[in-house]
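**Student:** What follows is start_32.cif, mmCIF, C-alpha atoms.
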data_target
loop_
_atom_site.label_atom_id
_atom_site.label_comp_id
_atom_site.auth_asym_id
_atom_site.auth_seq_id
_atom_site.Cartn_x
_atom_site.Cartn_y
_atom_site.Cartn_z
CA MET A 1 0.00 0.00 0.00
CA GLY A 2 1.42 3.42 -0.95
CA ASN A 3 1.74 6.70 0.94
CA LYS A 4 -1.65 8.49 0.96
CA THR A 5 -0.61 11.68 2.76
CA LEU A 6 0.99 14.77 1.35
CA SER A 7 4.77 14.99 1.57
CA LYS A 8 6.24 16.98 4.45
CA PRO A 9 7.39 19.95 2.27
CA TRP A 10 3.85 20.34 0.85
CA LYS A 11 2.36 20.27 4.35
CA ILE A 12 4.85 22.90 5.53
CA PHE A 13 4.09 25.02 2.44
CA GLY A 14 0.35 24.84 3.28
CA TYR A 15 0.98 25.78 6.92
CA ILE A 16 3.14 28.73 5.85
CA ILE A 17 0.33 30.00 3.61
CA LEU A 18 -2.16 29.73 6.50
CA ALA A 19 0.27 31.45 8.90
CA VAL A 20 0.84 34.34 6.47
CA ILE A 21 -2.92 34.76 6.04
CA ALA A 22 -3.42 34.78 9.84
CA VAL A 23 -0.60 37.31 10.39
CA LEU A 24 -1.97 39.57 7.63
CA ILE A 25 -5.47 39.47 9.11
CA VAL A 26 -4.21 40.24 12.63
CA PHE A 27 -1.97 43.06 11.33
CA ASP A 28 -4.75 44.67 9.27
CA ALA A 29 -7.28 44.31 12.11
CA THR A 30 -4.85 45.86 14.62
CA VAL A 31 -4.08 48.81 12.33
CA TRP A 32 -7.79 49.36 11.67
CA ILE A 33 -8.68 49.24 15.38
CA VAL A 34 -5.89 51.68 16.30
CA TYR A 35 -6.96 53.97 13.43
CA LYS A 36 -10.55 54.00 14.69
CA ILE A 37 -9.43 54.70 18.28
CA GLN A 38 -7.25 57.60 17.10
CA TRP A 39 -10.02 58.96 14.86
CA ASN A 40 -12.50 58.85 17.75
CA LYS A 41 -10.02 60.71 19.99
CA TYR A 42 -9.48 63.35 17.30
CA SER A 43 -13.26 63.71 16.82
CA GLU A 44 -13.75 64.08 20.56
CA ASN A 45 -11.03 66.77 20.78
CA TYR A 46 -12.37 68.60 17.73
CA ARG A 47 -15.96 68.53 19.03
CA GLU A 48 -14.82 69.82 22.44
CA ALA A 49 -12.85 72.67 20.85
CA ARG A 50 -15.68 73.57 18.46
CA GLU A 51 -18.21 73.66 21.31
CA ALA A 52 -15.84 75.99 23.19
CA GLY A 53 -15.83 78.35 20.17
CA TYR A 54 -12.65 77.17 18.44
CA PRO A 55 -13.78 75.77 15.06
CA ASP A 56 -10.43 75.51 13.25
CA SER A 57 -8.05 72.56 13.26
CA TYR A 58 -4.50 72.77 11.94
CA ASP A 59 -2.68 69.48 11.64
CA ILE A 60 0.85 68.34 10.99
CA CYS A 61 2.21 71.47 12.65
CA THR A 62 5.80 72.16 13.61
CA ARG A 63 6.77 74.43 16.50
CA GLN A 64 9.26 76.94 15.04
CA GLY A 65 10.09 79.03 18.11
CA ASN A 66 9.45 82.74 18.62
CA ILE A 67 9.13 85.61 16.15
CA VAL A 68 8.78 89.37 16.64
CA ILE A 69 6.36 91.22 14.36
CA ASP A 70 5.76 94.97 14.79
CA GLY A 71 7.37 94.90 18.21
CA ARG A 72 5.20 92.02 19.53
CA GLU A 73 6.54 88.57 20.26
CA TYR A 74 4.62 85.52 19.04
CA LEU A 75 5.03 81.77 19.04
CA LEU A 76 5.47 80.54 15.47
CA PHE A 77 4.10 77.29 14.07
CA GLU A 78 4.18 75.99 10.54
CA ALA A 79 1.21 73.93 9.37
CA HIS A 80 1.98 71.57 6.51
CA ARG A 81 -0.22 69.15 4.66
CA GLU A 82 0.75 67.13 1.62
CA VAL A 83 -2.05 67.30 -0.93
CA TRP A 84 -1.66 65.09 -3.99
CA LEU A 85 -3.94 66.94 -6.37
CA ASP A 86 -3.56 70.58 -5.35
CA GLY A 87 0.05 70.60 -4.18
CA ASP A 88 1.42 70.96 -0.68
CA TYR A 89 -0.19 73.33 1.78
CA TYR A 90 1.87 75.52 4.11
CA GLU A 91 0.61 78.11 6.53
CA ASN A 92 2.54 80.16 9.08
CA LEU A 93 0.59 80.38 12.33
CA ILE A 94 1.38 82.81 15.11
CA VAL A 95 0.11 82.75 18.66
CA SER A 96 0.26 85.66 21.10
CA MET A 97 2.61 85.05 24.00
CA ASP A 98 -0.27 86.10 26.30
CA ASP A 99 -2.59 83.39 24.94
CA GLU A 100 -3.58 80.74 27.50
CA TYR A 101 -4.25 77.23 26.23
CA VAL A 102 -3.71 73.55 26.96
CA ASP A 103 -0.50 72.14 25.48
CA LYS A 104 -0.58 68.33 25.73
CA ASN A 105 2.95 68.00 24.27
CA PRO A 106 5.06 70.99 25.35
CA ALA A 107 8.32 69.10 24.74
CA SER A 108 7.37 68.05 21.20
CA ASN A 109 8.07 70.26 18.20
CA ASP A 110 6.80 68.06 15.36
CA ASN A 111 3.59 66.37 14.33
CA LEU A 112 1.31 68.64 16.34
CA GLU A 113 -2.35 69.42 15.90
CA ILE A 114 -3.69 72.80 16.93
CA PHE A 115 -7.34 73.42 17.74
CA ALA A 116 -7.93 77.15 17.49
CA LYS A 117 -9.86 79.98 15.92
CA LYS A 118 -8.47 82.23 13.25
CA LEU A 119 -8.31 85.87 14.33
CA GLU A 120 -6.66 87.73 11.46
CA TYR A 121 -3.81 87.81 8.97
CA VAL A 122 -0.65 89.70 9.87
CA ASP A 123 1.79 90.85 7.21
CA HIS A 124 5.44 91.09 8.11
CA THR A 125 8.28 93.06 6.56
CA ASP A 126 9.85 89.78 5.38
CA GLN A 127 7.00 89.57 2.82
CA GLU A 128 5.41 86.69 4.71
CA ARG A 129 1.79 86.53 5.73
CA TYR A 130 1.04 84.99 9.12
CA THR A 131 -2.26 83.74 10.46
CA LEU A 132 -2.87 84.94 14.02
CA ILE A 133 -4.80 82.29 15.91
CA ASP A 134 -6.31 81.98 19.38
CA VAL A 135 -5.37 78.47 20.55
CA TYR A 136 -7.64 76.21 22.54
CA ARG A 137 -5.43 73.14 22.63
CA ILE A 138 -2.22 71.71 21.15
CA ASP A 139 -2.08 67.94 20.91
CA LEU A 140 -0.23 65.19 19.07
CA CYS A 141 -1.49 64.71 15.51
CA ARG A 142 -2.83 61.19 16.00
CA GLN A 143 -4.39 61.02 12.55
CA ARG A 144 -1.03 61.33 10.82
CA ILE A 145 0.52 58.49 12.81
CA SER A 146 -2.43 56.11 12.47
CA GLY A 147 -3.03 57.23 8.87
CA ASP A 148 0.57 56.42 7.96
CA TRP A 149 0.13 52.93 9.38
CA ALA A 150 -3.18 52.52 7.55
CA PHE A 151 -1.44 53.30 4.24
CA ARG A 152 1.37 50.88 5.10
CA ALA A 153 -1.14 48.15 5.94
CA LEU A 154 -2.98 48.80 2.68
CA GLY A 155 0.28 48.60 0.71
CA ILE A 156 1.36 45.40 2.42
CA THR A 157 -2.08 43.86 1.84
CA ILE A 158 -2.11 44.85 -1.83
CA ILE A 159 1.28 43.20 -2.30
CA ALA A 160 0.63 40.15 -0.11
CA VAL A 161 -2.83 39.11 -1.34
CA PRO A 162 -1.80 38.25 -4.92
CA ILE A 163 1.25 36.36 -3.62
CA ILE A 164 -0.96 34.42 -1.19
CA LEU A 165 -3.48 33.69 -3.93
CA VAL A 166 -0.80 32.36 -6.28
CA ALA A 167 0.81 30.29 -3.50
CA GLY A 168 -2.61 28.97 -2.49
CA LEU A 169 -3.41 28.08 -6.08
CA VAL A 170 -0.09 26.23 -6.47
CA TRP A 171 -0.77 24.34 -3.24
CA LEU A 172 -4.36 23.52 -4.32
CA VAL A 173 -3.19 22.18 -7.71
CA GLY A 174 -0.56 20.07 -5.93
CA PHE A 175 -3.19 18.78 -3.50
CA ILE A 176 -5.62 17.89 -6.31
CA LEU A 177 -2.87 16.08 -8.25
CA HIS A 178 -1.91 14.20 -5.11
CA LYS A 179 -5.53 13.13 -4.49
CA ARG A 180 -5.88 11.92 -8.07
CA LYS A 181 -2.74 9.82 -7.78
CA VAL A 182 -3.97 8.31 -4.51
CA LYS A 183 -7.42 7.63 -6.01
CA ASN A 184 -5.93 5.98 -9.11
CA GLY A 185 -3.42 3.99 -7.07
CA GLY A 186 -0.53 5.94 -8.54
CA TYR A 187 1.70 5.56 -5.48
CA ASN A 188 3.88 2.59 -4.87
CA SER A 189 5.75 1.72 -1.74
CA SER A 190 9.10 2.94 -3.09
CA ARG A 191 7.90 6.57 -3.63
CA GLY A 192 6.79 9.18 -1.09
#
As structure tokens, how would this structure be written, given the file I've shared?
**Tutor:**
Amino acid sequence: MGNKTLSKPWKIFGYIILAVIAVLIVFDATVWIVYKIQWNKYSENYREAREAGYPDSYDICTRQGNIVIDGREYLLFEAHREVWLDGDYYENLIVSMDDEYVDKNPASNDNLEIFAKKLEYVDHTDQERYTLIDVYRIDLCRQRISGDWAFRALGITIIAVPIILVAGLVWLVGFILHKRKVKNGGYNSSRG
């Protein structure tokens, strides 16, 4: 009587395919859950600021230090957003040194989100236009971090799924051929 089970390499190949599928599902689910948690936190912060009278949100901001305009000292932030269709967006934001607000990340200079209300534009002698804002809260830009991971997960999934499908198809064809040989008595005791 011949060997009716798949060879060890084919079994291992099948288990590897299943393991990769499981890891991909866990990775994608984890990224999606974290993204939803971060989005809910952003929505909560934005709603709180809007209800307090601060309807504007500036994300991906960088703390630039201080600047003096017309004899007044301000805190300077640069807001930057990469926009694929319309080009990159930059805006120079200034905040009065007398402004009182909550700063959740005072030691961080990058990847900040500012919840505020726009007061006016201020022109400076360096030919720059600055947006004077009244800040409600400065926080970490959660959407950028979780959004970056969401794009990575999407890219990995787009690459991995076709590879998994091809590997699964190869394994399935091998399994079908093996079953046909077993059914037709194609194995003998000297082969495995």
**Student:** Around (-8.4, 80.7, 20.0) in the file's own coordinates, what residues are found within 7 Å if you use all atoms listed in the file, given back as a PyMOL selection string?
**Tutor:** chain A and resi 54+116-118+133-136
**Student:** Have a look at A:Asp139, A:Glu113, A:Glu128, A:Asp148 and name the one nearest to Asp56 in chain A; count all atoms listed in the file.
**Tutor:**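 For Asp56 in chain A, the nearest of the candidates is A:Glu113.
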**Student:** Tell me, as a ChimeraX atom specification, which residues lie within 9 Å of Ile17 in chain A, counting all atoms listed in the file; anything in the same chain fewer than 5 positions away does not count.
**Tutor:** /A:12,22,164,167-168,171
**Student:** Which of these residues is nearest to Trp149 in chain A, using all atoms listed in the file: A:Leu177, A:Leu112, A:Val31, A:Leu172?
**Tutor:**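 That would be A:Val31, the residue with the smallest distance to Trp149 in chain A.
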**Student:** List the residues selected by the PyMOL selection byres ((chain A and resi 124) around 12) in the file shown, writing them as a list in words.
**Tutor:** Ile67, Val68, Ile69, Asp70, Gly71, Arg72, Asn92, Ile94, Tyr121, Val122, Asp123, Thr125, Asp126, Gln127, Glu128, Arg129, Tyr130, Thr131 and Leu132 of chain A
**Student:** If you apply the PyMOL selection byres ((chain A and resi 33-47) around 12) to this file, what residues do you get, as a ChimeraX atom specification?
**Tutor:** /A:26-32,48-59,102,104,113-117,136-151,153
**Student:** CA of Gly155 in chain A and CA of Leu24 in chain A, how far apart in Å?
**Tutor:**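 Atom-to-atom, CA of Leu24 in chain A to CA of Gly155 in chain A, that is 11.6 Å.
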**Student:** Near Glu78 in chain A, counting only C-alpha atoms, which residues have an atom at most 8 Å away, once you skip same-chain residues fewer than 2 positions from it, shown as a ChimeraX atom specification?
**Tutor:** /A:61-64,76,80,90-93
**Student:** As a PDB file, in the coordinates of the input, please: range 48-65 of chain A completed to N, CA, C and O atoms.
**Tutor:**
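Final file, out-v9.pdb:
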ATOM      1  N   GLU A  48     -14.996  69.035  21.213  1.00  0.00           N
ATOM      2  CA  GLU A  48     -14.820  69.820  22.440  1.00  0.00           C
ATOM      3  C   GLU A  48     -14.351  71.237  22.113  1.00  0.00           C
ATOM      4  O   GLU A  48     -14.871  72.214  22.654  1.00  0.00           O
ATOM      5  N   ALA A  49     -13.372  71.353  21.224  1.00  0.00           N
ATOM      6  CA  ALA A  49     -12.850  72.670  20.850  1.00  0.00           C
ATOM      7  C   ALA A  49     -13.914  73.491  20.122  1.00  0.00           C
ATOM      8  O   ALA A  49     -14.081  74.686  20.394  1.00  0.00           O
ATOM      9  N   ARG A  50     -14.632  72.864  19.205  1.00  0.00           N
ATOM     10  CA  ARG A  50     -15.680  73.570  18.460  1.00  0.00           C
ATOM     11  C   ARG A  50     -16.773  74.073  19.392  1.00  0.00           C
ATOM     12  O   ARG A  50     -17.247  75.208  19.263  1.00  0.00           O
ATOM     13  N   GLU A  51     -17.180  73.251  20.349  1.00  0.00           N
ATOM     14  CA  GLU A  51     -18.210  73.660  21.310  1.00  0.00           C
ATOM     15  C   GLU A  51     -17.726  74.801  22.195  1.00  0.00           C
ATOM     16  O   GLU A  51     -18.528  75.595  22.683  1.00  0.00           O
ATOM     17  N   ALA A  52     -16.417  74.903  22.400  1.00  0.00           N
ATOM     18  CA  ALA A  52     -15.840  75.990  23.190  1.00  0.00           C
ATOM     19  C   ALA A  52     -15.621  77.247  22.343  1.00  0.00           C
ATOM     20  O   ALA A  52     -15.132  78.253  22.843  1.00  0.00           O
ATOM     21  N   GLY A  53     -15.960  77.180  21.034  1.00  0.00           N
ATOM     22  CA  GLY A  53     -15.830  78.350  20.170  1.00  0.00           C
ATOM     23  C   GLY A  53     -14.549  78.390  19.359  1.00  0.00           C
ATOM     24  O   GLY A  53     -14.160  79.454  18.868  1.00  0.00           O
ATOM     25  N   TYR A  54     -13.896  77.258  19.197  1.00  0.00           N
ATOM     26  CA  TYR A  54     -12.650  77.170  18.440  1.00  0.00           C
ATOM     27  C   TYR A  54     -12.844  76.190  17.280  1.00  0.00           C
ATOM     28  O   TYR A  54     -12.522  75.007  17.392  1.00  0.00           O
ATOM     29  N   PRO A  55     -13.357  76.669  16.144  1.00  0.00           N
ATOM     30  CA  PRO A  55     -13.780  75.770  15.060  1.00  0.00           C
ATOM     31  C   PRO A  55     -12.670  75.282  14.117  1.00  0.00           C
ATOM     32  O   PRO A  55     -12.915  74.406  13.298  1.00  0.00           O
ATOM     33  N   ASP A  56     -11.472  75.841  14.218  1.00  0.00           N
ATOM     34  CA  ASP A  56     -10.430  75.510  13.250  1.00  0.00           C
ATOM     35  C   ASP A  56      -9.472  74.448  13.805  1.00  0.00           C
ATOM     36  O   ASP A  56      -9.157  74.428  14.991  1.00  0.00           O
ATOM     37  N   SER A  57      -9.019  73.596  12.894  1.00  0.00           N
ATOM     38  CA  SER A  57      -8.050  72.560  13.260  1.00  0.00           C
ATOM     39  C   SER A  57      -6.905  72.624  12.265  1.00  0.00           C
ATOM     40  O   SER A  57      -7.124  72.579  11.058  1.00  0.00           O
ATOM     41  N   TYR A  58      -5.701  72.753  12.771  1.00  0.00           N
ATOM     42  CA  TYR A  58      -4.500  72.770  11.940  1.00  0.00           C
ATOM     43  C   TYR A  58      -3.675  71.541  12.302  1.00  0.00           C
ATOM     44  O   TYR A  58      -3.289  71.367  13.453  1.00  0.00           O
ATOM     45  N   ASP A  59      -3.416  70.696  11.315  1.00  0.00           N
ATOM     46  CA  ASP A  59      -2.680  69.480  11.640  1.00  0.00           C
ATOM     47  C   ASP A  59      -1.330  69.440  10.952  1.00  0.00           C
ATOM     48  O   ASP A  59      -1.040  70.231  10.072  1.00  0.00           O
ATOM     49  N   ILE A  60      -0.534  68.513  11.408  1.00  0.00           N
ATOM     50  CA  ILE A  60       0.850  68.340  10.990  1.00  0.00           C
ATOM     51  C   ILE A  60       1.605  69.666  11.132  1.00  0.00           C
ATOM     52  O   ILE A  60       2.177  70.206  10.196  1.00  0.00           O
ATOM     53  N   CYS A  61       1.560  70.197  12.350  1.00  0.00           N
ATOM     54  CA  CYS A  61       2.210  71.470  12.650  1.00  0.00           C
ATOM     55  C   CYS A  61       3.581  71.235  13.289  1.00  0.00           C
ATOM     56  O   CYS A  61       3.798  70.249  13.972  1.00  0.00           O
ATOM     57  N   THR A  62       4.460  72.192  13.043  1.00  0.00           N
ATOM     58  CA  THR A  62       5.800  72.160  13.610  1.00  0.00           C
ATOM     59  C   THR A  62       6.011  73.443  14.401  1.00  0.00           C
ATOM     60  O   THR A  62       5.762  74.537  13.904  1.00  0.00           O
ATOM     61  N   ARG A  63       6.467  73.285  15.635  1.00  0.00           N
ATOM     62  CA  ARG A  63       6.770  74.430  16.500  1.00  0.00           C
ATOM     63  C   ARG A  63       8.089  75.031  16.028  1.00  0.00           C
ATOM     64  O   ARG A  63       9.107  74.351  16.006  1.00  0.00           O
ATOM     65  N   GLN A  64       8.075  76.299  15.619  1.00  0.00           N
ATOM     66  CA  GLN A  64       9.260  76.940  15.040  1.00  0.00           C
ATOM     67  C   GLN A  64      10.007  77.860  16.002  1.00  0.00           C
ATOM     68  O   GLN A  64      11.069  78.357  15.663  1.00  0.00           O
ATOM     69  N   GLY A  65       9.444  78.119  17.167  1.00  0.00           N
ATOM     70  CA  GLY A  65      10.090  79.030  18.110  1.00  0.00           C
ATOM     71  C   GLY A  65       9.344  80.355  18.170  1.00  0.00           C
ATOM     72  O   GLY A  65       8.147  80.426  17.909  1.00  0.00           O
TER      73      GLY A  65
END
